[in-house]
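Data block for upload_14.txt (compact mmCIF, C-alpha atoms):
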# COMPACT_ATOMS: atom_id res chain seq x y z
CA MET G 841 5.82 25.07 36.61
CA VAL G 842 2.15 25.85 36.12
CA GLN G 843 0.82 24.23 32.97
CA LEU G 844 -1.82 25.73 30.71
CA VAL G 845 -5.26 24.19 31.04
CA ALA G 846 -7.19 23.85 27.77
CA ARG G 847 -10.72 25.02 28.51
CA ARG G 848 -13.36 23.37 26.40
CA ASP G 849 -15.05 26.63 25.57
CA PHE G 850 -11.93 28.80 25.23
CA LEU G 851 -12.36 29.33 21.51
CA LYS G 852 -16.01 30.11 21.98
CA LYS G 853 -15.25 32.71 24.63
CA THR G 854 -12.41 34.33 22.74
CA ALA G 855 -14.67 34.60 19.73
CA VAL G 856 -17.09 36.49 21.93
CA ALA G 857 -14.21 38.57 23.26
CA ALA G 858 -13.30 39.42 19.70
CA GLY G 859 -16.86 40.61 19.25
CA LEU G 860 -18.20 37.72 17.20
CA LEU G 861 -21.57 37.63 18.85
CA SER G 862 -25.17 38.09 17.84
CA LEU G 863 -27.64 40.21 19.73
CA SER G 864 -29.78 37.86 21.76
CA GLY G 865 -31.29 37.47 25.18
CA GLY G 866 -32.72 40.04 27.56
CA SER G 867 -35.83 42.11 27.21
CA THR G 868 -35.93 45.01 24.80
CA VAL G 869 -36.98 48.61 25.12
CA GLY G 870 -38.40 49.78 21.81
CA GLU G 871 -37.25 49.42 18.23
CA THR G 872 -35.42 52.02 16.20
CA THR G 873 -37.88 54.29 14.46
CA THR G 874 -35.47 55.02 11.61
CA LYS G 875 -33.12 52.69 9.78
CA PRO G 876 -29.51 53.87 9.52
CA ARG G 877 -28.30 54.95 6.11
CA ARG G 878 -26.38 52.14 4.40
CA ILE G 879 -22.97 53.32 3.23
CA SER G 880 -19.89 51.64 1.86
CA PRO G 881 -16.63 51.41 3.84
CA ASN G 882 -15.14 54.01 1.50
CA GLU G 883 -17.82 56.60 2.21
CA LYS G 884 -17.76 59.05 5.09
CA LEU G 885 -20.22 59.08 7.95
CA ASN G 886 -22.05 62.25 8.90
CA LEU G 887 -21.24 62.74 12.57
CA GLY G 888 -22.89 64.83 15.27
CA ILE G 889 -20.76 65.76 18.29
CA ILE G 890 -22.51 66.23 21.64
CA GLY G 891 -20.11 68.00 23.99
CA VAL G 892 -17.21 69.58 22.09
CA GLY G 893 -14.85 70.79 24.83
CA ASN G 894 -12.25 68.93 26.88
CA ARG G 895 -12.99 65.21 26.47
CA GLY G 896 -15.31 66.01 23.59
CA GLU G 897 -12.52 67.71 21.68
CA ALA G 898 -10.23 64.72 22.28
CA ASN G 899 -12.88 62.30 21.00
CA THR G 900 -13.62 64.47 17.97
CA ASN G 901 -9.94 64.46 17.03
CA GLN G 902 -10.14 60.67 16.74
CA VAL G 903 -12.96 60.68 14.16
CA LEU G 904 -11.77 63.37 11.78
CA SER G 905 -11.77 60.88 8.93
CA GLU G 906 -15.55 61.44 8.78
CA ASN G 907 -17.80 64.44 8.07
CA ILE G 908 -18.49 66.59 11.15
CA VAL G 909 -21.95 67.94 10.33
CA ALA G 910 -23.31 69.00 13.74
CA LEU G 911 -21.89 70.34 17.01
CA CYS G 912 -23.58 70.78 20.37
CA ASP G 913 -22.44 72.36 23.62
CA ILE G 914 -24.10 74.32 26.43
CA ASP G 915 -21.13 76.72 26.52
CA ALA G 916 -21.37 79.17 23.61
CA GLN G 917 -17.69 80.08 23.88
CA ILE G 918 -16.54 76.48 23.57
CA LEU G 919 -19.08 75.87 20.81
CA GLY G 920 -17.87 78.93 18.92
CA LYS G 921 -14.27 77.73 18.94
CA ALA G 922 -15.33 74.33 17.64
CA SER G 923 -17.46 75.95 14.95
CA GLU G 924 -14.41 77.80 13.67
CA LYS G 925 -12.70 74.45 13.12
CA TYR G 926 -15.78 72.89 11.47
CA PRO G 927 -17.60 75.79 9.80
CA GLN G 928 -19.75 73.44 7.72
CA ALA G 929 -21.36 71.96 10.87
CA LYS G 930 -24.69 73.16 12.24
CA THR G 931 -24.54 74.24 15.89
CA TYR G 932 -26.88 73.54 18.80
CA LYS G 933 -26.98 74.11 22.54
CA ASP G 934 -29.62 71.39 23.10
CA TRP G 935 -28.54 67.85 22.17
CA ARG G 936 -32.16 66.85 21.60
CA GLU G 937 -32.37 69.25 18.69
CA LEU G 938 -29.09 67.95 17.24
CA LEU G 939 -30.46 64.41 17.21
CA ASP G 940 -33.41 65.57 15.11
CA GLN G 941 -31.04 66.62 12.30
CA ASN G 942 -31.97 64.08 9.64
CA ASP G 943 -28.64 63.72 7.82
CA ILE G 944 -26.71 62.57 10.90
CA ASP G 945 -25.60 58.92 10.72
CA ALA G 946 -23.86 58.66 14.08
CA VAL G 947 -23.13 60.65 17.23
CA VAL G 948 -20.21 60.98 19.61
CA ILE G 949 -21.48 61.76 23.12
CA SER G 950 -19.00 63.44 25.45
CA ALA G 951 -21.34 65.41 27.70
CA ALA G 952 -21.46 64.99 31.49
CA ASP G 953 -22.40 61.55 32.87
CA HIS G 954 -25.95 62.44 33.85
CA VAL G 955 -27.05 62.89 30.22
CA HIS G 956 -25.20 59.91 28.69
CA ALA G 957 -28.13 57.50 28.88
CA LEU G 958 -30.79 59.95 27.71
CA ALA G 959 -28.80 61.01 24.66
CA SER G 960 -27.71 57.46 23.80
CA VAL G 961 -31.21 56.01 24.01
CA LYS G 962 -32.79 58.78 21.92
CA ALA G 963 -30.04 58.43 19.31
CA MET G 964 -30.46 54.66 19.02
CA ARG G 965 -34.23 54.96 18.75
CA LEU G 966 -33.68 57.37 15.86
CA GLY G 967 -31.47 54.79 14.16
CA LYS G 968 -28.17 56.60 14.77
CA HIS G 969 -24.93 54.81 15.67
CA VAL G 970 -23.54 55.86 19.05
CA TYR G 971 -20.11 56.33 20.60
CA CYS G 972 -20.59 57.35 24.24
CA GLU G 973 -18.06 58.23 26.89
CA LYS G 974 -18.04 56.11 30.01
CA PRO G 975 -20.06 55.42 32.06
CA LEU G 976 -23.12 54.66 29.92
CA GLY G 977 -25.53 55.74 32.61
CA HIS G 978 -25.76 57.72 35.81
CA SER G 979 -27.82 55.03 37.56
CA VAL G 980 -28.23 51.26 37.50
CA TYR G 981 -31.61 51.72 35.84
CA GLU G 982 -30.15 53.91 33.11
CA ALA G 983 -27.42 51.37 32.35
CA ARG G 984 -30.10 48.69 32.03
CA VAL G 985 -32.27 50.79 29.70
CA VAL G 986 -29.30 51.68 27.47
CA ARG G 987 -28.40 48.01 27.16
CA GLU G 988 -31.94 46.84 26.47
CA THR G 989 -32.51 49.60 23.93
CA TYR G 990 -29.39 48.47 22.11
CA LEU G 991 -30.56 44.85 22.18
CA GLY G 992 -33.88 46.03 20.77
CA CYS G 993 -32.08 47.53 17.79
CA LYS G 994 -31.28 43.98 16.61
CA GLY G 995 -27.95 44.82 15.04
CA LYS G 996 -29.13 47.93 13.24
CA VAL G 997 -26.77 50.33 15.01
CA ALA G 998 -23.13 50.13 16.07
CA THR G 999 -22.29 51.21 19.60
CA GLN G 1000 -19.10 51.68 21.58
CA MET G 1001 -18.43 52.93 25.12
CA GLY G 1002 -15.31 55.04 25.57
CA THR G 1003 -13.13 52.55 27.44
CA GLN G 1004 -10.17 52.90 25.11
CA ILE G 1005 -7.89 50.64 27.20
CA HIS G 1006 -10.10 47.70 26.20
CA SER G 1007 -8.57 47.90 22.74
CA THR G 1008 -4.95 47.61 23.90
CA GLU G 1009 -2.73 44.59 23.45
CA ASN G 1010 -2.00 44.29 27.17
CA TYR G 1011 -5.63 43.73 28.10
CA ARG G 1012 -6.01 41.12 25.36
CA ARG G 1013 -2.99 39.15 26.56
CA VAL G 1014 -4.22 39.19 30.16
CA VAL G 1015 -7.63 37.89 29.08
CA GLU G 1016 -5.94 35.05 27.18
CA LEU G 1017 -3.77 34.11 30.16
CA VAL G 1018 -6.76 33.95 32.48
CA ARG G 1019 -8.96 32.02 30.08
CA CYS G 1020 -6.25 29.52 29.16
CA GLY G 1021 -5.80 28.65 32.82
CA ALA G 1022 -2.28 30.01 33.31
CA ILE G 1023 -3.07 30.61 37.00
CA GLY G 1024 -5.76 27.95 37.32
CA PRO G 1025 -9.42 28.67 38.13
CA VAL G 1026 -9.83 32.25 39.34
CA ARG G 1027 -12.04 32.77 42.38
CA GLU G 1028 -11.00 36.28 43.39
CA ALA G 1029 -10.13 39.48 41.57
CA HIS G 1030 -9.01 42.73 43.19
CA VAL G 1031 -9.05 46.12 41.46
CA TRP G 1032 -7.74 49.44 42.77
CA CYS G 1033 -7.27 53.06 41.79
CA GLY G 1034 -5.29 55.64 43.75
CA ARG G 1035 -7.58 58.56 42.94
CA LYS G 1036 -9.06 60.07 46.11
CA GLY G 1037 -12.66 61.25 46.38
CA PRO G 1038 -13.69 64.81 47.26
CA GLY G 1039 -15.45 64.79 50.61
CA GLY G 1040 -17.06 68.10 51.55
CA ASP G 1041 -20.51 69.35 50.64
CA LEU G 1042 -22.29 71.36 47.96
CA PRO G 1043 -20.57 74.65 47.06
CA GLU G 1044 -22.00 77.66 48.85
CA GLY G 1045 -22.94 81.11 47.65
CA SER G 1046 -24.95 82.59 44.80
CA HIS G 1047 -23.41 83.34 41.42
CA PRO G 1048 -24.94 84.79 38.24
CA VAL G 1049 -25.04 82.43 35.29
CA PRO G 1050 -22.56 83.58 32.61
CA GLU G 1051 -24.27 84.78 29.44
CA HIS G 1052 -22.47 82.19 27.34
CA LEU G 1053 -23.66 79.27 29.49
CA SER G 1054 -27.02 77.44 29.19
CA TRP G 1055 -27.12 76.31 32.80
CA ASP G 1056 -30.59 74.77 32.72
CA LEU G 1057 -29.65 72.61 29.74
CA TRP G 1058 -26.44 71.53 31.46
CA LEU G 1059 -28.46 70.38 34.48
CA GLY G 1060 -30.78 68.46 32.17
CA PRO G 1061 -32.52 65.65 34.11
CA ALA G 1062 -30.55 66.30 37.32
CA PRO G 1063 -32.05 68.06 40.35
CA TYR G 1064 -32.03 71.83 40.13
CA ARG G 1065 -28.99 73.47 41.70
CA PRO G 1066 -28.15 77.19 41.59
CA TYR G 1067 -25.24 77.88 39.29
CA HIS G 1068 -21.81 77.80 40.89
CA PRO G 1069 -18.56 77.97 38.90
CA HIS G 1070 -17.15 75.15 41.03
CA TYR G 1071 -19.34 72.62 39.21
CA ILE G 1072 -17.95 73.11 35.73
CA HIS G 1073 -15.33 75.87 35.87
CA ALA G 1074 -13.44 75.09 39.07
CA PRO G 1075 -9.90 76.57 39.04
CA ASP G 1076 -8.56 73.58 41.01
CA SER G 1077 -9.70 71.07 38.40
CA ALA G 1078 -6.79 69.37 36.66
CA LYS G 1079 -9.12 67.97 34.03
CA GLY G 1080 -11.16 70.93 32.91
CA ASN G 1081 -14.77 70.46 33.96
CA LEU G 1082 -14.51 67.07 35.68
CA THR G 1083 -15.28 68.58 39.11
CA TRP G 1084 -18.99 67.90 38.53
CA ASN G 1085 -18.14 64.21 38.77
CA ARG G 1086 -17.65 64.45 42.56
CA TYR G 1087 -21.36 65.17 43.15
CA TRP G 1088 -24.05 62.46 43.19
CA ASP G 1089 -26.32 64.74 41.16
CA PHE G 1090 -24.03 64.54 38.13
CA GLY G 1091 -21.49 61.73 38.58
CA ASN G 1092 -20.53 58.64 40.52
CA GLY G 1093 -17.05 59.37 41.78
CA THR G 1094 -13.96 57.24 41.31
CA LEU G 1095 -15.84 53.94 41.06
CA GLY G 1096 -18.22 55.28 38.42
CA ASP G 1097 -15.42 56.88 36.44
CA MET G 1098 -12.24 54.80 36.74
CA GLY G 1099 -14.09 51.58 37.47
CA SER G 1100 -15.23 51.65 33.86
CA HIS G 1101 -11.61 51.17 32.76
CA LEU G 1102 -10.21 48.96 35.50
CA ILE G 1103 -13.08 46.63 36.38
CA ASP G 1104 -13.44 46.15 32.63
CA LEU G 1105 -10.44 43.76 32.66
CA PRO G 1106 -11.74 41.15 35.17
CA PHE G 1107 -15.28 41.59 33.85
CA TRP G 1108 -14.04 40.60 30.37
CA ALA G 1109 -11.53 37.94 31.37
CA LEU G 1110 -13.89 36.17 33.78
CA ASP G 1111 -17.01 36.50 31.61
CA LEU G 1112 -18.98 38.20 34.40
CA ARG G 1113 -22.56 39.39 34.13
CA HIS G 1114 -24.99 40.14 36.97
CA PRO G 1115 -23.73 39.85 40.56
CA THR G 1116 -25.80 38.10 43.22
CA THR G 1117 -24.68 40.28 46.15
CA VAL G 1118 -22.96 43.63 46.62
CA GLU G 1119 -21.57 45.27 49.74
CA ALA G 1120 -19.47 48.38 50.29
CA THR G 1121 -17.85 50.51 52.94
CA GLY G 1122 -16.15 53.87 52.79
CA SER G 1123 -15.79 57.29 54.35
CA PRO G 1124 -18.94 58.61 56.06
CA VAL G 1125 -21.83 58.90 53.61
CA ASN G 1126 -22.59 62.41 52.40
CA PRO G 1127 -25.90 62.94 50.59
CA HIS G 1128 -24.29 65.26 48.05
CA THR G 1129 -20.68 64.19 47.42
CA ASN G 1130 -18.95 60.93 46.55
CA PRO G 1131 -16.86 59.16 49.21
CA MET G 1132 -13.26 60.07 49.93
CA TRP G 1133 -12.51 56.33 49.80
CA LEU G 1134 -14.51 53.22 48.98
CA ILE G 1135 -14.16 49.45 49.10
CA ALA G 1136 -16.87 47.46 47.28
CA THR G 1137 -17.27 43.71 46.83
CA TRP G 1138 -19.47 41.87 44.35
CA GLU G 1139 -20.18 38.14 44.37
CA HIS G 1140 -20.69 36.65 40.90
CA PRO G 1141 -22.10 33.15 40.35
CA ALA G 1142 -20.35 30.36 38.44
CA ARG G 1143 -20.72 30.49 34.65
CA GLY G 1144 -19.94 27.47 32.48
CA ASP G 1145 -16.62 26.12 33.73
CA MET G 1146 -15.80 29.41 35.46
CA PRO G 1147 -16.12 29.15 39.28
CA PRO G 1148 -17.92 31.74 41.42
CA VAL G 1149 -15.92 34.96 41.66
CA LYS G 1150 -15.54 37.52 44.41
CA LEU G 1151 -14.61 40.88 42.87
CA THR G 1152 -13.35 43.70 45.10
CA TRP G 1153 -12.74 47.37 44.32
CA TYR G 1154 -10.52 49.75 46.33
CA ASP G 1155 -9.85 53.44 45.77
CA ALA G 1156 -7.91 56.30 47.34
CA ASP G 1157 -5.12 54.84 49.52
CA LYS G 1158 -6.65 51.37 49.90
CA ARG G 1159 -4.80 48.34 48.47
CA PRO G 1160 -5.03 44.54 48.75
CA GLU G 1161 -1.34 44.43 49.74
CA SER G 1162 -1.65 41.68 52.34
CA LEU G 1163 -2.90 39.30 49.66
CA LEU G 1164 0.44 39.39 47.87
CA GLY G 1165 2.86 40.07 50.65
CA ILE G 1166 4.55 42.67 48.44
CA ASP G 1167 4.50 46.46 48.30
CA LEU G 1168 1.89 47.70 45.83
CA THR G 1169 2.50 51.39 46.38
CA GLN G 1170 4.19 51.59 42.96
CA TRP G 1171 1.00 50.27 41.39
CA ASN G 1172 -1.27 53.31 41.60
CA ILE G 1173 -3.81 51.37 39.57
CA GLY G 1174 -3.97 47.62 39.22
CA VAL G 1175 -5.89 44.39 38.79
CA LEU G 1176 -4.93 41.24 40.69
CA PHE G 1177 -6.34 37.85 39.66
CA ILE G 1178 -5.96 35.13 42.31
CA GLY G 1179 -6.09 31.64 40.85
CA ASP G 1180 -5.76 28.20 42.41
CA GLU G 1181 -2.28 27.83 40.87
CA GLY G 1182 -0.91 31.37 40.71
CA ARG G 1183 -1.60 35.07 40.52
CA LEU G 1184 -1.69 37.59 37.70
CA LEU G 1185 -1.03 41.28 38.33
CA ALA G 1186 -1.77 43.88 35.65
CA ASP G 1187 -2.34 47.53 34.93
CA TYR G 1188 -2.97 49.38 31.66
CA GLY G 1189 0.39 48.62 30.08
CA LYS G 1190 2.00 45.62 31.78
CA HIS G 1191 1.30 42.31 33.51
CA ILE G 1192 3.28 39.77 35.53
CA LEU G 1193 2.66 36.19 36.65
CA LEU G 1194 3.35 35.41 40.30
CA PRO G 1195 5.20 33.93 42.05
CA ASN G 1196 8.01 34.62 39.60
CA LYS G 1197 9.87 31.38 40.33
CA ASP G 1198 6.89 29.28 39.22
CA TYR G 1199 6.77 30.94 35.81
CA ARG G 1200 10.40 30.78 34.71
CA GLY G 1201 10.42 29.57 31.13
CA PHE G 1202 6.66 30.02 30.87
CA LYS G 1203 5.39 30.31 27.30
CA PRO G 1204 2.24 32.40 26.85
CA PRO G 1205 -0.65 30.93 24.85
CA THR G 1206 -0.96 31.46 21.14
CA MET G 1207 -2.78 34.69 20.37
CA GLN G 1208 -6.52 34.08 20.21
CA ILE G 1209 -7.90 37.62 20.43
CA PRO G 1210 -6.81 39.54 17.34
CA PRO G 1211 -5.40 43.07 17.56
CA SER G 1212 -7.92 45.88 17.47
CA PRO G 1213 -7.83 48.31 14.53
CA GLY G 1214 -8.23 50.96 17.23
CA HIS G 1215 -11.04 51.80 19.61
CA TYR G 1216 -12.56 54.51 17.43
CA GLU G 1217 -11.75 52.73 14.16
CA GLU G 1218 -13.54 49.64 15.46
CA TRP G 1219 -16.69 51.70 15.98
CA LEU G 1220 -16.46 53.52 12.65
CA LEU G 1221 -16.09 50.18 10.84
CA GLY G 1222 -19.07 48.86 12.75
CA CYS G 1223 -21.15 51.83 11.63
CA LYS G 1224 -20.28 51.22 7.98
CA THR G 1225 -20.08 47.44 7.71
CA GLY G 1226 -21.88 45.97 10.71
CA SER G 1227 -18.62 44.44 11.97
CA PRO G 1228 -18.57 43.82 15.75
CA THR G 1229 -17.46 46.26 18.41
CA LEU G 1230 -15.99 44.93 21.65
CA CYS G 1231 -17.41 47.59 23.96
CA ASN G 1232 -20.91 47.57 22.52
CA PHE G 1233 -23.72 48.57 24.85
CA ASP G 1234 -24.62 44.95 25.62
CA TYR G 1235 -21.24 44.25 27.23
CA SER G 1236 -20.64 47.74 28.60
CA GLY G 1237 -24.20 48.06 29.92
CA LEU G 1238 -23.61 45.00 32.11
CA LEU G 1239 -20.27 46.37 33.27
CA ILE G 1240 -21.67 49.76 34.28
CA GLU G 1241 -24.69 48.21 36.00
CA ASN G 1242 -22.32 46.07 38.07
CA ASN G 1243 -20.12 49.04 38.99
CA LEU G 1244 -22.91 51.41 39.98
CA LEU G 1245 -24.41 48.78 42.26
CA GLY G 1246 -21.30 49.29 44.40
CA ASN G 1247 -22.33 52.89 44.99
CA VAL G 1248 -25.89 51.80 45.79
CA ALA G 1249 -24.65 49.40 48.48
CA TYR G 1250 -22.39 52.11 49.92
CA ARG G 1251 -25.20 54.66 50.10
CA VAL G 1252 -27.69 52.32 51.81
CA GLY G 1253 -25.00 51.05 54.18
CA ARG G 1254 -25.78 47.35 53.94
CA LYS G 1255 -25.12 44.24 51.88
CA ILE G 1256 -27.50 43.94 48.94
CA GLU G 1257 -28.93 40.74 47.51
CA TRP G 1258 -29.41 41.65 43.85
CA ASP G 1259 -32.48 40.52 41.89
CA ALA G 1260 -31.23 41.35 38.41
CA ALA G 1261 -34.37 40.16 36.63
CA ASN G 1262 -36.51 42.68 38.50
CA LEU G 1263 -33.85 45.36 39.02
CA LYS G 1264 -34.42 45.25 42.79
CA ALA G 1265 -32.38 44.99 45.97
CA VAL G 1266 -34.21 42.21 47.80
CA GLY G 1267 -35.81 43.42 51.03
CA CYS G 1268 -34.10 46.80 50.72
CA PRO G 1269 -36.66 49.39 49.53
CA GLU G 1270 -34.35 52.23 50.61
CA ALA G 1271 -32.13 51.31 47.65
CA ASP G 1272 -34.83 52.09 45.09
CA LYS G 1273 -34.09 55.82 44.93
CA PHE G 1274 -30.44 55.10 44.19
CA ILE G 1275 -31.17 52.41 41.59
CA ARG G 1276 -33.50 54.72 39.70
CA ARG G 1277 -33.86 58.41 40.41
CA GLU G 1278 -36.58 60.87 39.54
CA TYR G 1279 -35.89 63.34 36.72
CA ARG G 1280 -36.68 67.01 36.64
CA ALA G 1281 -39.90 67.93 34.85
CA GLY G 1282 -39.54 67.83 31.08
CA TRP G 1283 -36.90 65.09 31.01
CA THR G 1284 -37.58 61.41 30.32
CA LEU G 1285 -35.65 58.32 29.34

Whole structure, structure tokens version:
Amino acid sequence: MVQLVARRDFLKKTAVAAGLLSLSGGSTVGETTTKPRRISPNEKLNLGIIGVGNRGEANTNQVLSENIVALCDIDAQILGKASEKYPQAKTYKDWRELLDQNDIDAVVISAADHVHALASVKAMRLGKHVYCEKPLGHSVYEARVVRETYLGCKGKVATQMGTQIHSTENYRRVVELVRCGAIGPVREAHVWCGRKGPGGDLPEGSHPVPEHLSWDLWLGPAPYRPYHPHYIHAPDSAKGNLTWNRYWDFGNGTLGDMGSHLIDLPFWALDLRHPTTVEATGSPVNPHTNPMWLIATWEHPARGDMPPVKLTWYDADKRPESLLGIDLTQWNIGVLFIGDEGRLLADYGKHILLPNKDYRGFKPPTMQIPPSPGHYEEWLLGCKTGSPTLCNFDYSGLLIENNLLGNVAYRVGRKIEWDAANLKAVGCPEADKFIRREYRAGWTL
């Protein structure tokens, strides 16, 4: 029977996990130019919504306790439907103009990935609280700037990245099991997602831009591409406009998308920060589209009493099945922690300790991480009271920077030694253009 190991800093770490931290460390990128309006918990926030269709509509439905005072979308038809629901809200097609509306306290950003960082940074610098869909940035550099801008706000704004699973009870219990030593020191973690990448190339052919669509604003900082309905109106898309995510110009594929949810669990439980090395392999590299499959491995140094950790990601049909000796085909997504004394297998809603025979009669640790009031409620409370948010841009900025480095290593085709302090791949100048890309004229971070 594996016994629990009392870690000397368990309470400290679970306090951090519960969000009881102060903003400290790291360089900063500017101060807020405007202080947020101070309101009581019983008052309503004035919210601006950037991106009101599909995921934006779902996010808006979670914050209806507040005042919706501004709406923005590049699709006039989608914007018009939202305006009918919230007739008191001003409407915009350019998110930069929405952010200049003075009475807005906070924004919910649900636009495409390639504008997340630009909108989040501008909002924070204007003293507005921010809820942003994952991932926080389209590049490693953007994730770093978002994080440092947040740190520069010195607790003035509340932030939350849209990794809703982080607020579930299952994730909290897994974190407690790992940190209490239920499986002993953890030196490896394996994460997988069954979603397959696109392959292929850029869509061909010329198409007129629909009158209701502001195509140039949708492109924003991304390279210019002629309009094609496949990008945002593809008939084969099961998730509305998510087809743009398969192109490097606008998204980062399965790792950039689902990695935000799944790598979140080992990143939290193992208190990870900057990796020292990253390597990746996958289907043949295409300059335009994400890989059909990818395996990426990060090496993280020891922290406190946590040993060094090797973290590996798999997508499409790849699985770490040989590590368990069991069939994982029923686990379309999963996280496997390998400890010196056991293993812990989890997904969004369940977890099991392995081997089963060693954990008969096992009693889980006393709850240390309190239940969340809800992912959105946590952020709204933070906006009003300054209470902590678990997925603030300090934590989530580190997570997204880690994840996107996997795509950088894949695209350069070699193992990267990561110099986090200088945001450089050591001796690998060809990685620079993937770490930080050039923006179209007129767009800056």

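For the choices G:Glu1119, G:Ile1173, G:Arg1086, G:Val1018, the atom-to-atom distance to G:Pro1106 is smallest for G:Val1018 when using all atoms listed in the file.
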
Could I get the residues of stretch 906-965 of chain G with an atom no further than 8 Å from an atom of stretch 893-896 of chain G, each paired with its nearest atom pair and that distance in Å to one decimal, using only C-alpha atoms, sorted by chain and residue number, as a Markdown table?
| residue | atom | partner | partner_atom | distance |
| --- | --- | --- | --- | --- |
| G:Asp913 | CA | G:Gly893 | CA | 7.8 |
| G:Ile918 | CA | G:Gly893 | CA | 6.1 |
| G:Leu919 | CA | G:Gly893 | CA | 7.7 |
| G:Ile949 | CA | G:Gly896 | CA | 7.5 |
| G:Ser950 | CA | G:Gly896 | CA | 4.9 |
| G:Ala951 | CA | G:Gly896 | CA | 7.3 |

Excluding G:Thr1206 and its own-chain neighbours fewer than 6 positions away, which residues fall within 10 Å of it when counting all atoms listed in the file? Please give them as a count of residues only.
4

Identify, on the basis of all atoms listed in the file, every residue whose closest approach to stretch 1250-1263 of chain G does not exceed 10 Å; exclude the query and any residue fewer than 2 positions from it along the same chain; express the result as a PDB file with C-alpha atoms, in the coordinates of the input.
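Output (around.pdb):
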ATOM      1  CA  GLY G 866     -32.720  40.040  27.560  1.00  0.00           C
ATOM      2  CA  SER G 867     -35.830  42.110  27.210  1.00  0.00           C
ATOM      3  CA  VAL G 980     -28.230  51.260  37.500  1.00  0.00           C
ATOM      4  CA  TYR G 981     -31.610  51.720  35.840  1.00  0.00           C
ATOM      5  CA  ARG G 984     -30.100  48.690  32.030  1.00  0.00           C
ATOM      6  CA  ARG G1113     -22.560  39.390  34.130  1.00  0.00           C
ATOM      7  CA  HIS G1114     -24.990  40.140  36.970  1.00  0.00           C
ATOM      8  CA  PRO G1115     -23.730  39.850  40.560  1.00  0.00           C
ATOM      9  CA  THR G1116     -25.800  38.100  43.220  1.00  0.00           C
ATOM     10  CA  THR G1117     -24.680  40.280  46.150  1.00  0.00           C
ATOM     11  CA  VAL G1118     -22.960  43.630  46.620  1.00  0.00           C
ATOM     12  CA  GLU G1119     -21.570  45.270  49.740  1.00  0.00           C
ATOM     13  CA  ALA G1120     -19.470  48.380  50.290  1.00  0.00           C
ATOM     14  CA  THR G1121     -17.850  50.510  52.940  1.00  0.00           C
ATOM     15  CA  GLY G1122     -16.150  53.870  52.790  1.00  0.00           C
ATOM     16  CA  SER G1123     -15.790  57.290  54.350  1.00  0.00           C
ATOM     17  CA  PRO G1124     -18.940  58.610  56.060  1.00  0.00           C
ATOM     18  CA  VAL G1125     -21.830  58.900  53.610  1.00  0.00           C
ATOM     19  CA  ASN G1126     -22.590  62.410  52.400  1.00  0.00           C
ATOM     20  CA  PRO G1127     -25.900  62.940  50.590  1.00  0.00           C
ATOM     21  CA  ASN G1130     -18.950  60.930  46.550  1.00  0.00           C
ATOM     22  CA  PRO G1131     -16.860  59.160  49.210  1.00  0.00           C
ATOM     23  CA  LEU G1134     -14.510  53.220  48.980  1.00  0.00           C
ATOM     24  CA  ILE G1135     -14.160  49.450  49.100  1.00  0.00           C
ATOM     25  CA  ALA G1136     -16.870  47.460  47.280  1.00  0.00           C
ATOM     26  CA  THR G1137     -17.270  43.710  46.830  1.00  0.00           C
ATOM     27  CA  TRP G1138     -19.470  41.870  44.350  1.00  0.00           C
ATOM     28  CA  GLU G1139     -20.180  38.140  44.370  1.00  0.00           C
ATOM     29  CA  GLU G1241     -24.690  48.210  36.000  1.00  0.00           C
ATOM     30  CA  LEU G1244     -22.910  51.410  39.980  1.00  0.00           C
ATOM     31  CA  LEU G1245     -24.410  48.780  42.260  1.00  0.00           C
ATOM     32  CA  GLY G1246     -21.300  49.290  44.400  1.00  0.00           C
ATOM     33  CA  ASN G1247     -22.330  52.890  44.990  1.00  0.00           C
ATOM     34  CA  VAL G1248     -25.890  51.800  45.790  1.00  0.00           C
ATOM     35  CA  ALA G1265     -32.380  44.990  45.970  1.00  0.00           C
ATOM     36  CA  VAL G1266     -34.210  42.210  47.800  1.00  0.00           C
ATOM     37  CA  GLY G1267     -35.810  43.420  51.030  1.00  0.00           C
ATOM     38  CA  CYS G1268     -34.100  46.800  50.720  1.00  0.00           C
ATOM     39  CA  PRO G1269     -36.660  49.390  49.530  1.00  0.00           C
ATOM     40  CA  GLU G1270     -34.350  52.230  50.610  1.00  0.00           C
ATOM     41  CA  ALA G1271     -32.130  51.310  47.650  1.00  0.00           C
ATOM     42  CA  ASP G1272     -34.830  52.090  45.090  1.00  0.00           C
ATOM     43  CA  PHE G1274     -30.440  55.100  44.190  1.00  0.00           C
ATOM     44  CA  ILE G1275     -31.170  52.410  41.590  1.00  0.00           C
ATOM     45  CA  ARG G1276     -33.500  54.720  39.700  1.00  0.00           C
TER      46      ARG G1276
END

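In this comparison, which uses all atoms listed in the file, the residue of G:Leu1164, G:Leu939, G:Ala1156, G:Met1098 approaching G:Gly1002 most closely is G:Met1098.
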
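Here atom CA of G:Pro1066 is placed at a distance of 23.6 Å from atom CA of G:Val892.
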
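Shortest atom-to-atom contact with G:Asp1089 among G:Arg987, G:Arg1065, G:His956, G:Lys1273: G:Arg1065, counting only C-alpha atoms.
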
Rounded to one decimal place, report the atom CA of G:Leu1184-atom CA of G:Val1149 distance in Å.
15.0 Å

Set up a box along x, y and z of the file covering all listed atoms of stretch 1108-1124 of chain G, add 3 Å on every one of the six sides, and write the centre and edge lengths in Å to one decimal, as JSON.
{"center_x": -18.7, "center_y": 47.4, "center_z": 43.2, "size_x": 20.3, "size_y": 28.4, "size_z": 31.7}

Give me the residues within 9 Å of G:Gln928 as a JSON list (two decimals) with C-alpha atoms, in the coordinates of the input, counting all atoms listed in the file and dropping any in the same chain fewer than 6 places off.
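Listing of around.json after writing:
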[["chain", "number", "residue", "atom", "x", "y", "z"],
["G", 908, "ILE", "CA", -18.49, 66.59, 11.15],
["G", 909, "VAL", "CA", -21.95, 67.94, 10.33],
["G", 910, "ALA", "CA", -23.31, 69.00, 13.74]]
